[in-house]
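Data file: target-v4.pdb. Format and content: PDB, C-alpha atoms and all ligand atoms.
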```pdb
ATOM      1  CA  MET K  14     136.552  59.649 -48.221
ATOM      2  CA  GLY K  15     136.755  61.684 -45.017
ATOM      3  CA  ARG K  16     136.126  59.791 -41.828
ATOM      4  CA  PRO K  17     134.493  60.884 -38.603
ATOM      5  CA  LEU K  18     137.042  61.051 -35.790
ATOM      6  CA  ARG K  19     134.566  60.717 -32.968
ATOM      7  CA  ILE K  20     131.730  58.261 -33.362
ATOM      8  CA  ALA K  21     128.928  58.184 -30.790
ATOM      9  CA  ILE K  22     126.575  55.206 -30.597
ATOM     10  CA  ASP K  23     123.609  55.294 -28.215
ATOM     11  CA  GLY K  24     120.538  53.145 -27.699
ATOM     12  CA  PRO K  25     118.751  50.813 -25.276
ATOM     13  CA  ALA K  26     120.099  47.496 -23.942
ATOM     14  CA  ALA K  27     120.863  44.812 -26.527
ATOM     15  CA  SER K  28     120.077  47.041 -29.499
ATOM     16  CA  GLY K  29     123.364  45.877 -31.071
ATOM     17  CA  LYS K  30     125.573  48.799 -30.045
ATOM     18  CA  SER K  31     128.539  46.881 -28.644
ATOM     19  CA  THR K  32     128.855  44.404 -31.497
ATOM     20  CA  LEU K  33     128.602  47.136 -34.092
ATOM     21  CA  ALA K  34     131.019  49.410 -32.234
ATOM     22  CA  GLN K  35     133.647  46.672 -31.941
ATOM     23  CA  ARG K  36     133.463  45.961 -35.667
ATOM     24  CA  LEU K  37     133.562  49.624 -36.612
ATOM     25  CA  ALA K  38     136.513  50.279 -34.295
ATOM     26  CA  ALA K  39     138.460  47.321 -35.727
ATOM     27  CA  TYR K  40     137.644  48.437 -39.285
ATOM     28  CA  LEU K  41     138.720  52.050 -38.696
ATOM     29  CA  GLY K  42     141.630  51.281 -36.345
ATOM     30  CA  TYR K  43     139.931  53.302 -33.570
ATOM     31  CA  ALA K  44     139.556  52.642 -29.839
ATOM     32  CA  TYR K  45     136.296  51.041 -28.715
ATOM     33  CA  ILE K  46     135.019  52.595 -25.479
ATOM     34  CA  ASP K  47     131.995  51.036 -23.766
ATOM     35  CA  THR K  48     130.808  53.556 -21.159
ATOM     36  CA  GLY K  49     128.237  51.129 -19.709
ATOM     37  CA  VAL K  50     131.167  49.229 -18.205
ATOM     38  CA  MET K  51     131.865  52.128 -15.854
ATOM     39  CA  TYR K  52     128.276  52.224 -14.539
ATOM     40  CA  ARG K  53     128.383  48.448 -14.190
ATOM     41  CA  ALA K  54     131.704  48.546 -12.310
ATOM     42  CA  VAL K  55     130.353  51.062  -9.777
ATOM     43  CA  THR K  56     127.214  48.928  -9.366
ATOM     44  CA  TRP K  57     129.248  45.741  -8.931
ATOM     45  CA  ALA K  58     131.496  47.381  -6.325
ATOM     46  CA  ALA K  59     128.446  48.713  -4.433
ATOM     47  CA  LEU K  60     126.859  45.253  -4.321
ATOM     48  CA  GLN K  61     130.174  43.744  -3.148
ATOM     49  CA  ARG K  62     130.551  46.288  -0.350
ATOM     50  CA  GLY K  63     126.960  46.152   0.786
ATOM     51  CA  ILE K  64     126.260  49.777  -0.198
ATOM     52  CA  PRO K  65     122.477  50.045  -0.718
ATOM     53  CA  VAL K  66     121.492  51.162  -4.233
ATOM     54  CA  THR K  67     119.356  53.818  -2.522
ATOM     55  CA  ASP K  68     122.373  55.530  -0.869
ATOM     56  CA  GLU K  69     123.072  58.301  -3.381
ATOM     57  CA  ASN K  70     125.888  59.942  -1.382
ATOM     58  CA  ALA K  71     127.826  56.721  -0.864
ATOM     59  CA  LEU K  72     127.390  55.758  -4.522
ATOM     60  CA  THR K  73     128.578  59.163  -5.686
ATOM     61  CA  ARG K  74     131.705  58.870  -3.523
ATOM     62  CA  LEU K  75     132.279  55.395  -4.912
ATOM     63  CA  ALA K  76     132.016  56.654  -8.533
ATOM     64  CA  GLU K  77     134.443  59.488  -7.748
ATOM     65  CA  THR K  78     137.084  57.310  -6.123
ATOM     66  CA  LEU K  79     136.789  53.786  -7.543
ATOM     67  CA  ASP K  80     140.095  52.387  -8.777
ATOM     68  CA  LEU K  81     138.902  51.254 -12.205
ATOM     69  CA  ASP K  82     140.983  50.140 -15.184
ATOM     70  CA  ILE K  83     139.796  49.117 -18.633
ATOM     71  CA  LEU K  84     142.533  47.301 -20.557
ATOM     72  CA  PRO K  85     142.881  45.388 -23.810
ATOM     73  CA  PRO K  86     141.759  41.748 -23.307
ATOM     74  CA  THR K  87     144.099  39.777 -21.010
ATOM     75  CA  GLU K  88     142.382  36.412 -21.721
ATOM     76  CA  ALA K  89     141.325  34.840 -25.011
ATOM     77  CA  ASP K  90     137.810  33.964 -23.793
ATOM     78  CA  GLY K  91     135.805  36.197 -26.085
ATOM     79  CA  ARG K  92     136.024  39.327 -23.914
ATOM     80  CA  PRO K  93     136.384  42.654 -25.801
ATOM     81  CA  TYR K  94     138.399  44.194 -22.917
ATOM     82  CA  THR K  95     139.469  43.398 -19.376
ATOM     83  CA  VAL K  96     137.986  45.368 -16.484
ATOM     84  CA  LEU K  97     139.901  45.620 -13.215
ATOM     85  CA  VAL K  98     138.542  47.037  -9.978
ATOM     86  CA  GLU K  99     141.308  47.443  -7.445
ATOM     87  CA  GLY K 100     143.374  45.040  -9.506
ATOM     88  CA  VAL K 101     140.714  42.282  -9.528
ATOM     89  CA  ASP K 102     139.444  41.027 -12.891
ATOM     90  CA  ILE K 103     135.645  41.538 -12.863
ATOM     91  CA  THR K 104     135.065  41.471 -16.633
ATOM     92  CA  TRP K 105     132.408  38.739 -16.607
ATOM     93  CA  ALA K 106     130.983  39.519 -13.166
ATOM     94  CA  LEU K 107     129.842  42.865 -14.653
ATOM     95  CA  ARG K 108     127.375  40.988 -16.864
ATOM     96  CA  SER K 109     125.591  39.114 -14.057
ATOM     97  CA  PRO K 110     121.787  39.359 -13.687
ATOM     98  CA  GLU K 111     122.342  41.047 -10.266
ATOM     99  CA  VAL K 112     124.305  43.908 -11.850
ATOM    100  CA  ASP K 113     121.782  44.082 -14.713
ATOM    101  CA  ALA K 114     118.943  44.494 -12.226
ATOM    102  CA  ALA K 115     120.612  47.312 -10.218
ATOM    103  CA  VAL K 116     122.677  49.316 -12.732
ATOM    104  CA  SER K 117     119.958  51.633 -14.049
ATOM    105  CA  GLN K 118     119.066  52.758 -10.547
ATOM    106  CA  VAL K 119     122.720  53.542  -9.790
ATOM    107  CA  SER K 120     123.239  55.330 -13.115
ATOM    108  CA  ALA K 121     120.268  57.642 -12.531
ATOM    109  CA  TYR K 122     122.019  59.537  -9.695
ATOM    110  CA  PRO K 123     123.373  62.931 -10.862
ATOM    111  CA  GLY K 124     126.555  62.621  -8.747
ATOM    112  CA  VAL K 125     127.399  59.221 -10.190
ATOM    113  CA  ARG K 126     126.821  60.536 -13.716
ATOM    114  CA  ARG K 127     128.912  63.652 -13.138
ATOM    115  CA  ALA K 128     131.905  61.594 -11.977
ATOM    116  CA  LEU K 129     131.755  59.074 -14.810
ATOM    117  CA  THR K 130     130.842  61.556 -17.569
ATOM    118  CA  GLN K 131     133.980  63.505 -16.752
ATOM    119  CA  ARG K 132     136.178  60.408 -17.101
ATOM    120  CA  GLN K 133     134.430  59.470 -20.364
ATOM    121  CA  ARG K 134     134.703  62.903 -21.933
ATOM    122  CA  GLN K 135     138.455  63.012 -21.345
ATOM    123  CA  ILE K 136     138.821  59.746 -23.241
ATOM    124  CA  GLY K 137     136.427  60.758 -26.037
ATOM    125  CA  LEU K 138     138.107  64.079 -26.740
ATOM    126  CA  ARG K 139     141.304  62.275 -27.735
ATOM    127  CA  GLY K 140     139.540  61.289 -30.975
ATOM    128  CA  ARG K 141     139.723  58.140 -33.095
ATOM    129  CA  VAL K 142     137.118  56.582 -30.839
ATOM    130  CA  VAL K 143     133.890  54.664 -31.190
ATOM    131  CA  MET K 144     132.108  55.431 -27.948
ATOM    132  CA  VAL K 145     128.997  53.557 -26.826
ATOM    133  CA  GLY K 146     126.375  54.333 -24.180
ATOM    134  CA  ARG K 147     123.077  56.084 -23.521
ATOM    135  CA  ASP K 148     124.083  59.755 -23.572
ATOM    136  CA  ILE K 149     127.212  59.962 -25.706
ATOM    137  CA  GLY K 150     125.706  62.020 -28.539
ATOM    138  CA  THR K 151     123.668  64.196 -26.171
ATOM    139  CA  VAL K 152     125.932  64.810 -23.144
ATOM    140  CA  VAL K 153     129.324  63.080 -23.094
ATOM    141  CA  LEU K 154     130.488  64.015 -26.581
ATOM    142  CA  PRO K 155     127.957  66.363 -28.198
ATOM    143  CA  GLU K 156     130.637  67.408 -30.709
ATOM    144  CA  ALA K 157     130.935  63.849 -32.096
ATOM    145  CA  ASP K 158     130.980  64.004 -35.885
ATOM    146  CA  PHE K 159     128.923  60.883 -36.471
ATOM    147  CA  LYS K 160     126.056  60.014 -34.131
ATOM    148  CA  LEU K 161     124.050  56.865 -34.364
ATOM    149  CA  TYR K 162     121.061  55.745 -32.316
ATOM    150  CA  LEU K 163     120.334  52.019 -32.520
ATOM    151  CA  ASP K 164     116.968  50.643 -31.505
ATOM    152  CA  ALA K 165     115.029  47.369 -31.702
ATOM    153  CA  ASP K 166     111.751  46.190 -30.229
ATOM    154  CA  LEU K 167     111.759  45.071 -26.594
ATOM    155  CA  LYS K 168     111.068  41.356 -27.209
ATOM    156  CA  THR K 169     113.834  41.071 -29.784
ATOM    157  CA  ARG K 170     116.327  42.765 -27.466
ATOM    158  CA  ALA K 171     115.295  40.601 -24.496
ATOM    159  CA  TRP K 172     115.701  37.488 -26.634
ATOM    160  CA  ARG K 173     119.227  38.553 -27.691
ATOM    161  CA  ARG K 174     120.221  39.166 -24.059
ATOM    162  CA  TYR K 175     118.611  35.886 -22.905
ATOM    163  CA  ARG K 176     120.706  33.942 -25.435
ATOM    164  CA  GLU K 177     123.906  35.711 -24.319
ATOM    165  CA  LEU K 178     123.192  34.844 -20.671
ATOM    166  CA  GLN K 179     122.371  31.225 -21.572
ATOM    167  CA  ASP K 180     125.621  30.901 -23.524
ATOM    168  CA  ARG K 181     127.470  31.915 -20.377
ATOM    169  CA  GLY K 182     125.560  29.385 -18.264
ATOM    170  CA  GLU K 183     123.528  31.926 -16.239
ATOM    171  CA  ALA K 184     120.287  30.405 -14.900
ATOM    172  CA  VAL K 185     117.618  32.947 -15.837
ATOM    173  CA  SER K 186     114.260  32.647 -17.570
ATOM    174  CA  PHE K 187     113.280  34.629 -20.648
ATOM    175  CA  GLU K 188     110.478  36.273 -18.629
ATOM    176  CA  GLU K 189     112.962  37.540 -16.015
ATOM    177  CA  VAL K 190     115.240  38.984 -18.695
ATOM    178  CA  LEU K 191     112.273  40.637 -20.413
ATOM    179  CA  GLU K 192     111.047  42.183 -17.162
ATOM    180  CA  THR K 193     114.506  43.469 -16.133
ATOM    181  CA  MET K 194     114.946  45.024 -19.561
ATOM    182  CA  ARG K 195     111.504  46.662 -19.445
ATOM    183  CA  GLN K 196     112.359  48.220 -16.078
ATOM    184  CA  ARG K 197     115.806  49.390 -17.228
ATOM    185  CA  ASP K 198     114.338  50.965 -20.370
ATOM    186  CA  ALA K 199     111.833  52.883 -18.244
ATOM    187  CA  LEU K 200     114.515  54.079 -15.789
ATOM    188  CA  ASP K 201     117.019  55.012 -18.529
ATOM    189  CA  GLN K 202     114.414  56.927 -20.547
ATOM    190  CA  GLY K 203     112.644  58.510 -17.593
ATOM    191  CA  ARG K 204     115.538  59.827 -15.494
ATOM    192  CA  GLU K 205     116.036  63.560 -15.143
ATOM    193  CA  VAL K 206     119.739  63.744 -15.929
ATOM    194  CA  ALA K 207     120.908  62.589 -19.382
ATOM    195  CA  PRO K 208     117.907  60.393 -20.252
ATOM    196  CA  LEU K 209     118.228  57.885 -23.076
ATOM    197  CA  ARG K 210     117.108  59.583 -26.274
ATOM    198  CA  PRO K 211     118.526  60.221 -29.761
ATOM    199  CA  ALA K 212     120.510  63.436 -30.234
ATOM    200  CA  PRO K 213     118.718  65.762 -32.689
ATOM    201  CA  ASP K 214     121.501  65.181 -35.230
ATOM    202  CA  ALA K 215     121.710  61.380 -34.758
ATOM    203  CA  VAL K 216     120.898  58.841 -37.452
ATOM    204  CA  VAL K 217     118.291  56.444 -36.018
ATOM    205  CA  LEU K 218     118.451  52.808 -37.112
ATOM    206  CA  ASP K 219     116.028  50.044 -36.098
ATOM    207  CA  THR K 220     117.892  46.709 -36.004
ATOM    208  CA  THR K 221     114.899  44.491 -35.120
ATOM    209  CA  ALA K 222     114.972  42.634 -38.430
ATOM    210  CA  MET K 223     118.682  43.035 -39.207
ATOM    211  CA  ASP K 224     121.625  40.744 -38.522
ATOM    212  CA  ILE K 225     125.076  42.000 -37.479
ATOM    213  CA  GLU K 226     126.486  42.075 -41.001
ATOM    214  CA  GLU K 227     123.503  44.030 -42.350
ATOM    215  CA  VAL K 228     123.791  46.597 -39.570
ATOM    216  CA  PHE K 229     127.523  47.001 -40.199
ATOM    217  CA  GLN K 230     127.130  47.477 -43.972
ATOM    218  CA  ARG K 231     124.240  49.884 -43.522
ATOM    219  CA  VAL K 232     126.171  51.991 -41.019
ATOM    220  CA  LEU K 233     129.232  52.165 -43.284
ATOM    221  CA  ALA K 234     126.972  53.458 -46.064
ATOM    222  CA  LEU K 235     125.353  55.994 -43.713
ATOM    223  CA  MET K 236     128.760  57.155 -42.525
ATOM    224  CA  GLU K 237     129.990  57.681 -46.065
ATOM    225  CA  ALA K 238     126.836  59.612 -46.937
ATOM    226  CA  ARG K 239     127.258  61.796 -43.844
ATOM    227  CA  CYS K 240     130.902  62.490 -44.723
ATOM    228  CA  ARG K 241     129.951  63.537 -48.259
ATOM    229  CA  GLU K 242     127.485  66.037 -46.766
ATOM    230  CA  THR K 243     130.137  67.449 -44.389
ATOM    231  CA  PRO K 244     133.441  67.265 -46.295
ATOM    232  CA  HIS K 245     135.307  69.133 -43.522
ATOM    233  CA  VAL K 246     135.262  65.938 -41.408
ATOM    234  CA  ALA K 247     138.882  64.843 -40.981
ATOM    235  CA  GLY K 248     140.143  61.914 -43.062
TER     236      GLY K 248
HETATM  237  O1  LIG K 301     124.961  46.154 -22.487
HETATM  238  P1  LIG K 301     123.700  46.890 -22.140
HETATM  239  O2  LIG K 301     123.213  47.728 -23.270
HETATM  240  O3  LIG K 301     122.663  46.028 -21.505
HETATM  241  O4  LIG K 301     124.037  47.871 -20.965
HETATM  242  P2  LIG K 301     125.287  48.825 -20.793
HETATM  243  O5  LIG K 301     125.559  49.572 -22.051
HETATM  244  O6  LIG K 301     126.407  48.027 -20.196
HETATM  245  O7  LIG K 301     124.742  49.888 -19.734
HETATM  246  C1  LIG K 301     124.266  49.491 -18.472
HETATM  247  C2  LIG K 301     123.464  50.617 -17.844
HETATM  248  O8  LIG K 301     124.347  51.702 -17.540
HETATM  249  C3  LIG K 301     122.371  51.233 -18.709
HETATM  250  O9  LIG K 301     121.145  50.547 -18.609
HETATM  251  C4  LIG K 301     122.273  52.648 -18.140
HETATM  252  O10 LIG K 301     121.460  52.669 -17.000
HETATM  253  C5  LIG K 301     123.692  52.939 -17.736
HETATM  254  N1  LIG K 301     124.418  53.761 -18.721
HETATM  255  C6  LIG K 301     124.189  55.109 -18.727
HETATM  256  O11 LIG K 301     123.351  55.597 -17.981
HETATM  257  N2  LIG K 301     124.896  55.936 -19.554
HETATM  258  C7  LIG K 301     125.820  55.428 -20.388
HETATM  259  N3  LIG K 301     126.520  56.262 -21.170
HETATM  260  C8  LIG K 301     126.052  54.038 -20.435
HETATM  261  C9  LIG K 301     125.324  53.219 -19.586
END
```

Could you write out this structure as structure tokens?
Ligand code: CDP
Amino acid sequence: MGRPLRIAIDGPAASGKSTLAQRLAAYLGYAYIDTGVMYRAVTWAALQRGIPVTDENALTRLAETLDLDILPPTEADGRPYTVLVEGVDITWALRSPEVDAAVSQVSAYPGVRRALTQRQRQIGLRGRVVMVGRDIGTVVLPEADFKLYLDADLKTRAWRRYRELQDRGEAVSFEEVLETMRQRDALDQGREVAPLRPAPDAVVLDTTAMDIEEVFQRVLALMEARCRETPHVAG
């Protein structure tokens, strides 16, 4: 069977993208690239430095110049990668409710997107990647040879995220998580540049009633079917 060399997975928060992408990447021996990490790192650095999330120019400069490294995991604490900003390990800090609440506002600025999209595209073009985000199939890597759009209803996604935060000991209520997610969905879908939406040639999969294993098996089957339709895809 031929295999897609560039796999793009998009969808809203907690639709199951990261878990699926990690499994697919391990299965295929590909790199797993989570583009959301870059938007989160810029947001985290802005909060640290007291840059207001309304200051588009300062945020753009930050995205253009931030010393950001994404490495294979340096600790065996369940992290899929290690993220360094100026040499400091911020892997878990990126997942805080404060970053969650601000990241979609930061990621809506065209200058921020331009800077990060450029970095992401360079990585994606190398091939043998499973790349995850909001605009991979539409903007970052439109030439991807397998595009997937994962979705799930809002309550289910908020519940998944709430359980993740609880497992890490973050003190948040389900209602807060639900409200943050509702606002992020609206910002991500409503922004002018690279809004969250399926690429016209993406396969759309609703994971509301599916567990991780079901999603993985279903996607493998979809990928094989897609490769049979387009036998020129490299193997
Ligand atoms: O893990 P979760 O799905 O909650 O979020 P994420 O993938 O880490 O992305 C965080 C935020 O970054 C999203 O809500 C978007 O606002 C932004 N983002 C984006 O605009 N474009 C991407 N390719 C990836 C993330």

Can you list every residue of chain K that has an atom at most 6 Å from ligand LIG 301 (chain K), with its nearest atom pair and the distance in Å to one decimal, using all atoms listed in the file, ordered by chain then number, as a tab-separated table?
```
residue	atom	partner	partner_atom	distance
K:Pro25	CA	K:LIG301	O2	5.8
K:Ala26	CA	K:LIG301	O2	3.2
K:Ala27	CA	K:LIG301	O2	5.0
K:Thr48	CA	K:LIG301	C8	4.8
K:Gly49	CA	K:LIG301	C9	3.6
K:Val50	CA	K:LIG301	O6	5.3
K:Tyr52	CA	K:LIG301	O8	5.0
K:Val116	CA	K:LIG301	C2	5.3
K:Ser117	CA	K:LIG301	O10	3.5
K:Ser120	CA	K:LIG301	O11	4.9
K:Gly146	CA	K:LIG301	N3	3.6
K:Arg147	CA	K:LIG301	N3	4.2
K:Asp148	CA	K:LIG301	N3	4.9
K:Ile149	CA	K:LIG301	N3	5.9
K:Arg197	CA	K:LIG301	O9	5.6
K:Asp201	CA	K:LIG301	O10	5.2
```

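Interatomic distance, atom CA of K:Thr87 against atom CA of K:Met144: 20.9 Å.
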
Gap from atom CA of K:Arg173 to atom CA of K:Ser28 - Å, one decimal: 8.7 Å

What would the selection look like, as a list in words, if the PyMOL selection byres (((chain K and resi 76-79) around 8) and not hetatm) were run on the coordinates I just shared? Val55, Leu72, Thr73, Arg74, Leu75, Asp80, Leu81, Val98, Glu99, Val125, Ala128 and Leu129 of chain K

Can you spit out the residues from that selection as a short mmCIF file (atom, residue, chain, number, x, y, z; two decimals), keeping the file's coordinate frame, using C-alpha atoms?
```cif
data_model
loop_
_atom_site.label_atom_id
_atom_site.label_comp_id
_atom_site.auth_asym_id
_atom_site.auth_seq_id
_atom_site.Cartn_x
_atom_site.Cartn_y
_atom_site.Cartn_z
CA VAL K 55 130.35 51.06 -9.78
CA LEU K 72 127.39 55.76 -4.52
CA THR K 73 128.58 59.16 -5.69
CA ARG K 74 131.71 58.87 -3.52
CA LEU K 75 132.28 55.40 -4.91
CA ASP K 80 140.10 52.39 -8.78
CA LEU K 81 138.90 51.25 -12.20
CA VAL K 98 138.54 47.04 -9.98
CA GLU K 99 141.31 47.44 -7.44
CA VAL K 125 127.40 59.22 -10.19
CA ALA K 128 131.90 61.59 -11.98
CA LEU K 129 131.76 59.07 -14.81
#
```

With the PyMOL selection byres (((chain K and resi 92) around 12) and not hetatm) as the selection, what would be picked from this file? Answer as a JSON list (two decimals) with C-alpha atoms, in the coordinates of the input, please.
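Everything below was put into expr-v4.json:
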```json
[["chain", "number", "residue", "atom", "x", "y", "z"],
["K", 31, "SER", "CA", 128.54, 46.88, -28.64],
["K", 32, "THR", "CA", 128.85, 44.40, -31.50],
["K", 35, "GLN", "CA", 133.65, 46.67, -31.94],
["K", 83, "ILE", "CA", 139.80, 49.12, -18.63],
["K", 84, "LEU", "CA", 142.53, 47.30, -20.56],
["K", 85, "PRO", "CA", 142.88, 45.39, -23.81],
["K", 86, "PRO", "CA", 141.76, 41.75, -23.31],
["K", 87, "THR", "CA", 144.10, 39.78, -21.01],
["K", 88, "GLU", "CA", 142.38, 36.41, -21.72],
["K", 89, "ALA", "CA", 141.32, 34.84, -25.01],
["K", 90, "ASP", "CA", 137.81, 33.96, -23.79],
["K", 91, "GLY", "CA", 135.80, 36.20, -26.08],
["K", 93, "PRO", "CA", 136.38, 42.65, -25.80],
["K", 94, "TYR", "CA", 138.40, 44.19, -22.92],
["K", 95, "THR", "CA", 139.47, 43.40, -19.38],
["K", 96, "VAL", "CA", 137.99, 45.37, -16.48],
["K", 102, "ASP", "CA", 139.44, 41.03, -12.89],
["K", 103, "ILE", "CA", 135.65, 41.54, -12.86],
["K", 104, "THR", "CA", 135.06, 41.47, -16.63],
["K", 105, "TRP", "CA", 132.41, 38.74, -16.61],
["K", 106, "ALA", "CA", 130.98, 39.52, -13.17],
["K", 107, "LEU", "CA", 129.84, 42.86, -14.65],
["K", 108, "ARG", "CA", 127.38, 40.99, -16.86],
["K", 181, "ARG", "CA", 127.47, 31.92, -20.38]]
```

From K:Asp164, K:Asp180, K:Glu242, K:Asp82, residue lying nearest K:Val217 [only C-alpha atoms]: K:Asp164

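Between atom CA of K:Phe159 and atom CA of K:Met236 lies a distance of 7.1 Å.
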
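Using all atoms listed in the file, the residues found no farther than 7 Å from K:Met194, other than those of its own chain fewer than 4 positions away, are K:Ala171, K:Val190, K:Asp198.
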
So what does the PyMOL selection byres (((chain K and resi 39-45) around 9) and not hetatm) actually pick up in this one, as a short mmCIF file (atom, residue, chain, number, x, y, z; two decimals) with C-alpha atoms, in the coordinates of the input?
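Final output, saved to expr-v6.cif:
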```cif
data_model
loop_
_atom_site.label_atom_id
_atom_site.label_comp_id
_atom_site.auth_asym_id
_atom_site.auth_seq_id
_atom_site.Cartn_x
_atom_site.Cartn_y
_atom_site.Cartn_z
CA ARG K 16 136.13 59.79 -41.83
CA LEU K 18 137.04 61.05 -35.79
CA SER K 31 128.54 46.88 -28.64
CA ALA K 34 131.02 49.41 -32.23
CA GLN K 35 133.65 46.67 -31.94
CA ARG K 36 133.46 45.96 -35.67
CA LEU K 37 133.56 49.62 -36.61
CA ALA K 38 136.51 50.28 -34.30
CA ILE K 46 135.02 52.60 -25.48
CA ASP K 47 132.00 51.04 -23.77
CA PRO K 93 136.38 42.65 -25.80
CA GLY K 140 139.54 61.29 -30.98
CA ARG K 141 139.72 58.14 -33.10
CA VAL K 142 137.12 56.58 -30.84
CA VAL K 143 133.89 54.66 -31.19
CA MET K 144 132.11 55.43 -27.95
CA VAL K 145 129.00 53.56 -26.83
#
```

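Using all atoms listed in the file for every distance, the candidate list K:Glu69, K:Asp23, K:Glu177, K:Asp113 yields K:Asp23 as the residue closest to K:Lys160.
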
K:Val112, K:Ala212, K:Ala165, K:Glu205: which is nearest K:Ile22, counting all atoms listed in the file? K:Ala212

Could you check the closest approach to K:Pro211 for each of K:Cys240, K:Ala234, K:Leu161, K:Ala59 and tell me which residue wins, using all atoms listed in the file?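 With all atoms listed in the file as the atom set, the closest residue is K:Leu161.
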
I'd like the contact shell of K:Val152 - 10 Å cut-off, all atoms listed in the file, skipping same-chain residues fewer than 6 positions apart - returned as a PyMOL selection string. chain K and resi 130+134+206-208+212
